[in-house]
Amino acid sequence: MKLHELSPANGSNRQTKRIGRGHGSGWGQTSGKGHKGQWARSGGGVRPGFEGGQTSLARRMPKRGFNNKVFETVYAVVNVRDLEKRFEAGSVVDEASLIACGLLKKTLDGVKILGMGELTKNLTVKVSKVSESAKQKIEAAGGAIEELPKPEKFFPNNESARRRKAEKEAFLAKRG
């Protein structure tokens with residue numbers, strides 16, 4: 001076998017369809033796109049799954065399967081500049097005091113202090129999380145930080161979670 005004797009397998013190479021090259025080619029005039037309409041236009045057509053404005057099949061079908069959203073931890077956030085405005089020097093900043101002063105409506109899964117703004121007062125901060133920049137600013141102002149443990153999510157309809165919580169409480173009671 002020599003190089004000039006090689007040829008591609010039958011059916012593997014096809015001639016390109018040269019559209020818009022006259023009637024003789026078989027693809028002249030409208031170039032195989034029919035007459036007018038959305039599909040005949042340059043850039044025309046619709047995205048896959050579009051049903052002409054009718055609610056698409058993907059949206060009509062019921063949604064099933066696992067979703068991790070219920071296990072997400074969502075923190076209520078407060079900036080250092082807000083603490084500067086609302087609290088006096090030497091006061092304790094915790095979830096209850098943040099709600100009392102009107103900075104938060106609810107604490108969600110905990111409170112996180114972020115470092116936007118400046119702080120000149122020494123405050124004792126007792127929250128779930130504190131960003132690194134906020135920690136530096138609070139400590140530089142002479143304040144103290146006490147990070148609370150992450151709140152355990154409890155789902156009342158989840159039997160296994162209820163059982164684990166009861167086992168944990170029994171273990172802790174027996175231990176001390």
# chains A, B, ... in the order shown; residues from 1 in each chain; ligands from 1
$ select_by_dssp --residues "region 22-153 of chain A" --states "strand (DSSP E)" --output "PyMOL selection string"
chain A and resi 76-79+92-93+111-114+124-127+129-130+144-147
$ write_last_selection --atoms "N, CA and C atoms" --output "mmCIF file, in the first residue's frame"
data_model
loop_
_atom_site.group_PDB
_atom_site.id
_atom_site.type_symbol
_atom_site.label_atom_id
_atom_site.label_comp_id
_atom_site.auth_asym_id
_atom_site.auth_seq_id
_atom_site.Cartn_x
_atom_site.Cartn_y
_atom_site.Cartn_z
ATOM 1 N N ALA A 76 -27.417 36.940 59.221
ATOM 2 C CA ALA A 76 -27.824 38.343 59.167
ATOM 3 C C ALA A 76 -26.538 39.150 59.329
ATOM 4 N N VAL A 77 -26.287 40.105 58.436
ATOM 5 C CA VAL A 77 -25.009 40.819 58.464
ATOM 6 C C VAL A 77 -25.159 42.231 59.003
ATOM 7 N N VAL A 78 -24.140 42.662 59.756
ATOM 8 C CA VAL A 78 -24.076 44.003 60.325
ATOM 9 C C VAL A 78 -22.652 44.494 60.120
ATOM 10 N N ASN A 79 -22.505 45.748 59.701
ATOM 11 C CA ASN A 79 -21.181 46.323 59.500
ATOM 12 C C ASN A 79 -20.690 47.029 60.754
ATOM 13 N N VAL A 92 -22.205 45.657 75.370
ATOM 14 C CA VAL A 92 -22.130 44.303 74.829
ATOM 15 C C VAL A 92 -23.021 44.225 73.593
ATOM 16 N N VAL A 93 -22.451 43.731 72.497
ATOM 17 C CA VAL A 93 -23.201 43.587 71.250
ATOM 18 C C VAL A 93 -23.500 42.105 71.056
ATOM 19 N N VAL A 111 -25.564 35.753 63.369
ATOM 20 C CA VAL A 111 -25.207 37.113 62.979
ATOM 21 C C VAL A 111 -23.732 37.133 62.608
ATOM 22 N N LYS A 112 -23.410 37.850 61.521
ATOM 23 C CA LYS A 112 -22.017 38.009 61.109
ATOM 24 C C LYS A 112 -21.694 39.497 61.068
ATOM 25 N N ILE A 113 -20.566 39.871 61.663
ATOM 26 C CA ILE A 113 -20.109 41.259 61.652
ATOM 27 C C ILE A 113 -19.104 41.415 60.520
ATOM 28 N N LEU A 114 -19.340 42.392 59.647
ATOM 29 C CA LEU A 114 -18.447 42.685 58.529
ATOM 30 C C LEU A 114 -17.664 43.958 58.814
ATOM 31 N N THR A 124 -17.822 44.752 73.366
ATOM 32 C CA THR A 124 -17.715 43.314 73.521
ATOM 33 C C THR A 124 -18.723 42.692 72.567
ATOM 34 N N VAL A 125 -18.227 41.978 71.554
ATOM 35 C CA VAL A 125 -19.076 41.443 70.494
ATOM 36 C C VAL A 125 -19.257 39.943 70.696
ATOM 37 N N LYS A 126 -20.517 39.511 70.825
ATOM 38 C CA LYS A 126 -20.838 38.087 70.995
ATOM 39 C C LYS A 126 -21.795 37.670 69.884
ATOM 40 N N VAL A 127 -21.221 37.188 68.784
ATOM 41 C CA VAL A 127 -22.028 36.782 67.626
ATOM 42 C C VAL A 127 -21.483 35.480 67.044
ATOM 43 N N LYS A 129 -20.344 34.862 63.814
ATOM 44 C CA LYS A 129 -19.170 34.995 62.943
ATOM 45 C C LYS A 129 -18.724 36.447 62.886
ATOM 46 N N VAL A 130 -17.411 36.628 62.704
ATOM 47 C CA VAL A 130 -16.832 37.961 62.542
ATOM 48 C C VAL A 130 -15.813 37.865 61.425
ATOM 49 N N ALA A 144 -13.506 43.317 72.591
ATOM 50 C CA ALA A 144 -13.297 41.875 72.686
ATOM 51 C C ALA A 144 -14.319 41.155 71.816
ATOM 52 N N ILE A 145 -13.924 39.968 71.329
ATOM 53 C CA ILE A 145 -14.804 39.189 70.452
ATOM 54 C C ILE A 145 -15.003 37.809 71.048
ATOM 55 N N GLU A 146 -16.264 37.389 71.099
ATOM 56 C CA GLU A 146 -16.594 36.037 71.543
ATOM 57 C C GLU A 146 -17.480 35.425 70.467
ATOM 58 N N GLU A 147 -16.903 34.464 69.725
ATOM 59 C CA GLU A 147 -17.676 33.825 68.660
ATOM 60 C C GLU A 147 -18.503 32.690 69.243
#
$ residues_around --residues "Ala134 (chain A)" --least-positions-apart "3" --cutoff "6 Å" --atoms "only C-alpha atoms" --output "number ranges by chain"
A: 114-115, 131, 137
$ write_last_selection --atoms "N, CA, C and O atoms" --output "PDB file, in the first residue's frame"
ATOM      1  N   LEU A 114     -19.340  42.392  59.647  1.00  0.00           N
ATOM      2  CA  LEU A 114     -18.447  42.685  58.529  1.00  0.00           C
ATOM      3  C   LEU A 114     -17.664  43.958  58.814  1.00  0.00           C
ATOM      4  O   LEU A 114     -18.086  44.785  59.627  1.00  0.00           O
ATOM      5  N   GLY A 115     -16.551  44.157  58.130  1.00  0.00           N
ATOM      6  CA  GLY A 115     -15.615  45.226  58.473  1.00  0.00           C
ATOM      7  C   GLY A 115     -15.745  46.532  57.745  1.00  0.00           C
ATOM      8  O   GLY A 115     -14.774  47.281  57.697  1.00  0.00           O
ATOM      9  N   SER A 131     -15.886  38.777  60.455  1.00  0.00           N
ATOM     10  CA  SER A 131     -14.921  38.754  59.356  1.00  0.00           C
ATOM     11  C   SER A 131     -13.551  39.171  59.884  1.00  0.00           C
ATOM     12  O   SER A 131     -13.435  39.795  60.950  1.00  0.00           O
ATOM     13  N   LYS A 137     -10.460  45.530  63.436  1.00  0.00           N
ATOM     14  CA  LYS A 137     -10.946  46.851  63.831  1.00  0.00           C
ATOM     15  C   LYS A 137     -11.487  46.851  65.254  1.00  0.00           C
ATOM     16  O   LYS A 137     -11.270  47.799  66.016  1.00  0.00           O
TER      17      LYS A 137
END
$ select_by_dssp --residues "chain A" --states "alpha helix (DSSP H)" --output "MDAnalysis selection string"
chainID A and resid 57:60 80:86 95:100 132:140 159:175
$ write_last_selection --atoms "N, CA and C atoms" --output "compact mmCIF listing (two decimals), in the first residue's frame"
# COMPACT_ATOMS: atom_id res chain seq x y z
N LEU A 57 -41.99 23.12 28.23
CA LEU A 57 -42.17 21.82 28.86
C LEU A 57 -41.37 21.71 30.15
N ALA A 58 -40.14 22.24 30.15
CA ALA A 58 -39.29 22.15 31.33
C ALA A 58 -39.92 22.86 32.52
N ARG A 59 -40.68 23.92 32.26
CA ARG A 59 -41.33 24.66 33.36
C ARG A 59 -42.67 24.05 33.74
N ARG A 60 -43.28 23.28 32.84
CA ARG A 60 -44.58 22.66 33.15
C ARG A 60 -44.42 21.37 33.95
N VAL A 80 -19.37 47.19 60.85
CA VAL A 80 -18.74 47.85 61.99
C VAL A 80 -19.22 49.29 62.11
N ARG A 81 -19.44 49.96 60.99
CA ARG A 81 -19.89 51.36 61.03
C ARG A 81 -21.25 51.50 61.72
N ASP A 82 -22.11 50.46 61.59
CA ASP A 82 -23.42 50.49 62.25
C ASP A 82 -23.27 50.35 63.75
N LEU A 83 -22.29 49.54 64.18
CA LEU A 83 -22.03 49.39 65.62
C LEU A 83 -21.53 50.70 66.20
N GLU A 84 -20.71 51.41 65.44
CA GLU A 84 -20.18 52.71 65.87
C GLU A 84 -21.32 53.70 66.12
N LYS A 85 -22.32 53.70 65.24
CA LYS A 85 -23.44 54.65 65.35
C LYS A 85 -24.38 54.31 66.50
N ARG A 86 -24.67 53.01 66.69
CA ARG A 86 -25.77 52.60 67.57
C ARG A 86 -25.37 52.26 69.01
N GLU A 95 -27.01 39.24 69.74
CA GLU A 95 -28.18 39.17 68.87
C GLU A 95 -29.35 39.97 69.44
N ALA A 96 -29.59 39.83 70.74
CA ALA A 96 -30.72 40.52 71.37
C ALA A 96 -30.55 42.04 71.31
N SER A 97 -29.33 42.54 71.56
CA SER A 97 -29.11 43.99 71.54
C SER A 97 -29.19 44.55 70.13
N LEU A 98 -28.78 43.76 69.12
CA LEU A 98 -28.88 44.21 67.73
C LEU A 98 -30.34 44.34 67.30
N ILE A 99 -31.18 43.43 67.77
CA ILE A 99 -32.61 43.51 67.46
C ILE A 99 -33.24 44.67 68.22
N ALA A 100 -32.84 44.85 69.49
CA ALA A 100 -33.40 45.91 70.32
C ALA A 100 -33.08 47.30 69.76
N GLU A 132 -12.50 38.85 59.13
CA GLU A 132 -11.14 39.13 59.57
C GLU A 132 -10.90 40.63 59.74
N SER A 133 -11.40 41.43 58.78
CA SER A 133 -11.19 42.88 58.87
C SER A 133 -11.96 43.47 60.04
N ALA A 134 -13.17 42.96 60.31
CA ALA A 134 -13.94 43.44 61.45
C ALA A 134 -13.25 43.08 62.76
N LYS A 135 -12.67 41.88 62.80
CA LYS A 135 -11.96 41.42 64.01
C LYS A 135 -10.80 42.36 64.32
N GLN A 136 -10.05 42.73 63.29
CA GLN A 136 -8.91 43.64 63.48
C GLN A 136 -9.37 45.01 63.99
N LYS A 137 -10.46 45.53 63.44
CA LYS A 137 -10.95 46.85 63.83
C LYS A 137 -11.49 46.85 65.25
N ILE A 138 -12.19 45.79 65.64
CA ILE A 138 -12.75 45.71 66.99
C ILE A 138 -11.63 45.60 68.02
N GLU A 139 -10.64 44.75 67.73
CA GLU A 139 -9.52 44.58 68.66
C GLU A 139 -8.64 45.82 68.72
N ALA A 140 -8.49 46.53 67.59
CA ALA A 140 -7.70 47.77 67.57
C ALA A 140 -8.36 48.85 68.41
N GLU A 159 -37.50 12.75 61.38
CA GLU A 159 -37.47 11.80 62.50
C GLU A 159 -36.05 11.47 62.92
N SER A 160 -35.14 11.27 61.95
CA SER A 160 -33.77 10.90 62.29
C SER A 160 -33.06 12.04 63.02
N ALA A 161 -33.34 13.29 62.62
CA ALA A 161 -32.74 14.44 63.30
C ALA A 161 -33.24 14.52 64.73
N ARG A 162 -34.53 14.25 64.92
CA ARG A 162 -35.11 14.28 66.26
C ARG A 162 -34.46 13.20 67.14
N ARG A 163 -34.26 12.01 66.57
CA ARG A 163 -33.66 10.92 67.31
C ARG A 163 -32.20 11.23 67.67
N ARG A 164 -31.43 11.80 66.71
CA ARG A 164 -30.03 12.15 66.97
C ARG A 164 -29.93 13.20 68.06
N LYS A 165 -30.84 14.18 68.04
CA LYS A 165 -30.81 15.22 69.05
C LYS A 165 -31.08 14.63 70.43
N ALA A 166 -32.04 13.71 70.52
CA ALA A 166 -32.36 13.07 71.80
C ALA A 166 -31.17 12.24 72.30
N GLU A 167 -30.51 11.52 71.38
CA GLU A 167 -29.33 10.73 71.75
C GLU A 167 -28.21 11.62 72.25
N LYS A 168 -28.01 12.76 71.59
CA LYS A 168 -26.96 13.69 71.98
C LYS A 168 -27.23 14.25 73.36
N GLU A 169 -28.49 14.64 73.62
CA GLU A 169 -28.85 15.19 74.93
C GLU A 169 -28.68 14.14 76.03
N ALA A 170 -29.05 12.88 75.74
CA ALA A 170 -28.89 11.80 76.72
C ALA A 170 -27.41 11.56 77.01
N PHE A 171 -26.57 11.58 75.97
CA PHE A 171 -25.14 11.40 76.14
C PHE A 171 -24.55 12.51 77.00
N LEU A 172 -24.91 13.75 76.70
CA LEU A 172 -24.38 14.89 77.46
C LEU A 172 -24.85 14.87 78.91
N ALA A 173 -26.09 14.44 79.13
CA ALA A 173 -26.62 14.36 80.50
C ALA A 173 -25.88 13.29 81.29
N LYS A 174 -25.58 12.16 80.66
CA LYS A 174 -24.89 11.06 81.33
C LYS A 174 -23.43 11.43 81.60
N ARG A 175 -22.84 12.20 80.69
CA ARG A 175 -21.43 12.56 80.78
C ARG A 175 -21.15 13.57 81.90
$ residues_around --residues "region 30-40 of chain A" --least-positions-apart "2" --cutoff "6 Å" --atoms "only C-alpha atoms" --output "PDB file with N, CA and C atoms, in the first residue's frame"
ATOM      1  N   ILE A  19     -24.852  26.578  -0.637  1.00  0.00           N
ATOM      2  CA  ILE A  19     -26.157  27.205  -0.806  1.00  0.00           C
ATOM      3  C   ILE A  19     -26.041  28.584  -1.423  1.00  0.00           C
ATOM      4  N   GLY A  20     -27.125  29.013  -2.067  1.00  0.00           N
ATOM      5  CA  GLY A  20     -27.155  30.346  -2.664  1.00  0.00           C
ATOM      6  C   GLY A  20     -26.259  30.472  -3.887  1.00  0.00           C
ATOM      7  N   TRP A  27     -29.792  24.339  -4.498  1.00  0.00           N
ATOM      8  CA  TRP A  27     -29.922  25.140  -3.267  1.00  0.00           C
ATOM      9  C   TRP A  27     -29.858  26.625  -3.593  1.00  0.00           C
ATOM     10  N   GLY A  28     -30.512  27.040  -4.675  1.00  0.00           N
ATOM     11  CA  GLY A  28     -30.524  28.444  -5.060  1.00  0.00           C
ATOM     12  C   GLY A  28     -31.726  29.152  -4.475  1.00  0.00           C
ATOM     13  N   GLY A  44     -32.064  34.366  12.749  1.00  0.00           N
ATOM     14  CA  GLY A  44     -33.426  34.059  13.188  1.00  0.00           C
ATOM     15  C   GLY A  44     -33.519  32.731  13.897  1.00  0.00           C
ATOM     16  N   GLY A  45     -34.713  32.370  14.247  1.00  0.00           N
ATOM     17  CA  GLY A  45     -34.948  31.128  14.969  1.00  0.00           C
ATOM     18  C   GLY A  45     -35.078  31.407  16.455  1.00  0.00           C
TER      19      GLY A  45
END
$ atom_distance --atom1 "CA of Gln29 (chain A)" --atom2 "CA of Gly52 (chain A)"
27.6 Å
$ atom_distance --atom1 "CA of Gly90 (chain A)" --atom2 "CA of Gly143 (chain A)"
8.0 Å
